[in-house]
Amino acid sequence: QVQLVESGGGLVHAGGSLRLSCAASGFLFSRSTMSWYRQVPGKERELVVTITSAGASTNYADSVKGRFTISRDNAKNTVYLQMNSLKPEDTAVYYCSTPFARSVGYWGQGTQVTVSS
């Protein structure tokens, strides 16, 4: 079955950087659009960025444009999120996802990112 395992989160000061990873299994990763979402307690999950199956196209939320970069390695079934110039408002639990996972209501455990001011 589908499995998404996020890692790489942590506590950083404002202006710092983190690189998140998401290891995927249980579906055809190389043919799947992948996305990163984030969620703050009490708020809806927010779409951060999407990357197409071959990595040719990306789409970023305005709030992270120019600071975050998504990439993928289809040989490793892994998607990454490089986060630079982090701000306190980036604090959230970050999740990776794919349309198939969302269609069956699956979300991984996420990885906590905390940015201190």
# chains A, B, ... in the order shown; residues from 1 in each chain; ligands from 1
call {"tool": "select_by_dssp", "arguments": {"residues": "stretch 41-104 of chain A", "states": "strand (DSSP E)", "output": "PyMOL selection string"}}
result
chain A and resi 46-51+58-60+68-73+78-83+92-97
call {"tool": "select_by_dssp", "arguments": {"residues": "chain A", "states": "helix (DSSP H, G or I)", "output": "list in words"}}
result
Phe29, Ser30, Arg31, Pro88, Glu89, Asp90, Pro99, Phe100, Ala101, Arg102 and Ser103 of chain A
call {"tool": "residues_around", "arguments": {"residues": "A:Gln1", "least_positions_apart": "5", "cutoff": "9 Å", "atoms": "only C-alpha atoms", "output": "list in words"}}
result
Ser25, Gly26 and Phe27 of chain A
call {"tool": "atom_distance", "arguments": {"atom1": "atom CA of A:Ser103", "atom2": "atom CA of A:Leu47"}}
result
15.7 Å
call {"tool": "closest_residue", "arguments": {"among": "A:Gly55, A:Gly16, A:Gly9, A:Gly42", "to": "A:Asn84", "atoms": "only C-alpha atoms"}}
result
A:Gly16
call {"tool": "residues_around", "arguments": {"residues": "A:Gly15", "least_positions_apart": "4", "cutoff": "9 Å", "atoms": "only C-alpha atoms", "output": "compact mmCIF listing (two decimals) with N, CA, C and O atoms, in the first residue's frame"}}
result
# COMPACT_ATOMS: atom_id res chain seq x y z
N ASN A 84 14.99 27.67 2.25
CA ASN A 84 15.96 28.68 2.63
C ASN A 84 15.25 29.93 3.14
O ASN A 84 14.05 30.11 2.93
N SER A 85 16.01 30.79 3.79
CA SER A 85 15.46 32.06 4.30
C SER A 85 14.17 31.81 5.08
O SER A 85 13.17 32.49 4.88
N LEU A 86 14.21 30.85 5.96
CA LEU A 86 13.00 30.46 6.70
C LEU A 86 12.51 31.59 7.59
O LEU A 86 13.30 32.36 8.14
N LYS A 87 11.20 31.65 7.71
CA LYS A 87 10.53 32.66 8.51
C LYS A 87 9.71 31.97 9.60
O LYS A 87 9.29 30.82 9.43
N VAL A 115 10.49 27.42 13.24
CA VAL A 115 11.41 28.53 12.95
C VAL A 115 11.26 29.56 14.06
O VAL A 115 10.18 30.13 14.24
N SER A 117 12.12 33.14 16.00
CA SER A 117 12.41 34.52 15.57
C SER A 117 13.61 35.07 16.31
O SER A 117 14.12 34.48 17.24
call {"tool": "closest_residue", "arguments": {"among": "A:Cys96, A:Val48, A:Met83, A:Val40", "to": "A:Arg67", "atoms": "only C-alpha atoms"}}
result
A:Met83
call {"tool": "decode", "arguments": {"residues": "stretch 68-79 of chain A", "atoms": "N, CA, C and O atoms", "output": "PDB file, in the first residue's frame"}}
result
ATOM      1  N   PHE A  68      11.844  28.451  -1.346  1.00  0.00           N
ATOM      2  CA  PHE A  68      11.762  26.983  -1.313  1.00  0.00           C
ATOM      3  C   PHE A  68      12.012  26.427  -2.720  1.00  0.00           C
ATOM      4  O   PHE A  68      11.610  27.038  -3.717  1.00  0.00           O
ATOM      5  N   THR A  69      12.614  25.242  -2.766  1.00  0.00           N
ATOM      6  CA  THR A  69      12.837  24.557  -4.033  1.00  0.00           C
ATOM      7  C   THR A  69      12.496  23.086  -3.885  1.00  0.00           C
ATOM      8  O   THR A  69      13.036  22.404  -3.006  1.00  0.00           O
ATOM      9  N   ILE A  70      11.601  22.614  -4.729  1.00  0.00           N
ATOM     10  CA  ILE A  70      11.246  21.202  -4.733  1.00  0.00           C
ATOM     11  C   ILE A  70      12.077  20.489  -5.801  1.00  0.00           C
ATOM     12  O   ILE A  70      12.379  21.063  -6.854  1.00  0.00           O
ATOM     13  N   SER A  71      12.436  19.251  -5.515  1.00  0.00           N
ATOM     14  CA  SER A  71      13.136  18.421  -6.491  1.00  0.00           C
ATOM     15  C   SER A  71      12.757  16.968  -6.217  1.00  0.00           C
ATOM     16  O   SER A  71      12.156  16.660  -5.186  1.00  0.00           O
ATOM     17  N   ARG A  72      13.113  16.105  -7.144  1.00  0.00           N
ATOM     18  CA  ARG A  72      12.790  14.693  -6.974  1.00  0.00           C
ATOM     19  C   ARG A  72      13.861  13.839  -7.606  1.00  0.00           C
ATOM     20  O   ARG A  72      14.541  14.260  -8.547  1.00  0.00           O
ATOM     21  N   ASP A  73      13.987  12.642  -7.077  1.00  0.00           N
ATOM     22  CA  ASP A  73      14.892  11.638  -7.630  1.00  0.00           C
ATOM     23  C   ASP A  73      14.051  10.395  -7.882  1.00  0.00           C
ATOM     24  O   ASP A  73      13.750   9.642  -6.943  1.00  0.00           O
ATOM     25  N   ASN A  74      13.657  10.193  -9.113  1.00  0.00           N
ATOM     26  CA  ASN A  74      12.766   9.068  -9.427  1.00  0.00           C
ATOM     27  C   ASN A  74      13.460   7.718  -9.264  1.00  0.00           C
ATOM     28  O   ASN A  74      12.793   6.701  -9.073  1.00  0.00           O
ATOM     29  N   ALA A  75      14.774   7.704  -9.323  1.00  0.00           N
ATOM     30  CA  ALA A  75      15.496   6.449  -9.096  1.00  0.00           C
ATOM     31  C   ALA A  75      15.446   6.035  -7.628  1.00  0.00           C
ATOM     32  O   ALA A  75      15.579   4.850  -7.310  1.00  0.00           O
ATOM     33  N   LYS A  76      15.267   7.012  -6.748  1.00  0.00           N
ATOM     34  CA  LYS A  76      15.221   6.738  -5.311  1.00  0.00           C
ATOM     35  C   LYS A  76      13.813   6.845  -4.738  1.00  0.00           C
ATOM     36  O   LYS A  76      13.632   6.717  -3.520  1.00  0.00           O
ATOM     37  N   ASN A  77      12.830   7.125  -5.591  1.00  0.00           N
ATOM     38  CA  ASN A  77      11.449   7.296  -5.119  1.00  0.00           C
ATOM     39  C   ASN A  77      11.385   8.321  -3.983  1.00  0.00           C
ATOM     40  O   ASN A  77      10.708   8.100  -2.961  1.00  0.00           O
ATOM     41  N   THR A  78      12.070   9.421  -4.165  1.00  0.00           N
ATOM     42  CA  THR A  78      12.172  10.423  -3.111  1.00  0.00           C
ATOM     43  C   THR A  78      11.951  11.823  -3.679  1.00  0.00           C
ATOM     44  O   THR A  78      12.437  12.136  -4.762  1.00  0.00           O
ATOM     45  N   VAL A  79      11.215  12.606  -2.924  1.00  0.00           N
ATOM     46  CA  VAL A  79      11.022  14.011  -3.261  1.00  0.00           C
ATOM     47  C   VAL A  79      11.605  14.850  -2.126  1.00  0.00           C
ATOM     48  O   VAL A  79      11.557  14.441  -0.956  1.00  0.00           O
TER      49      VAL A  79
END
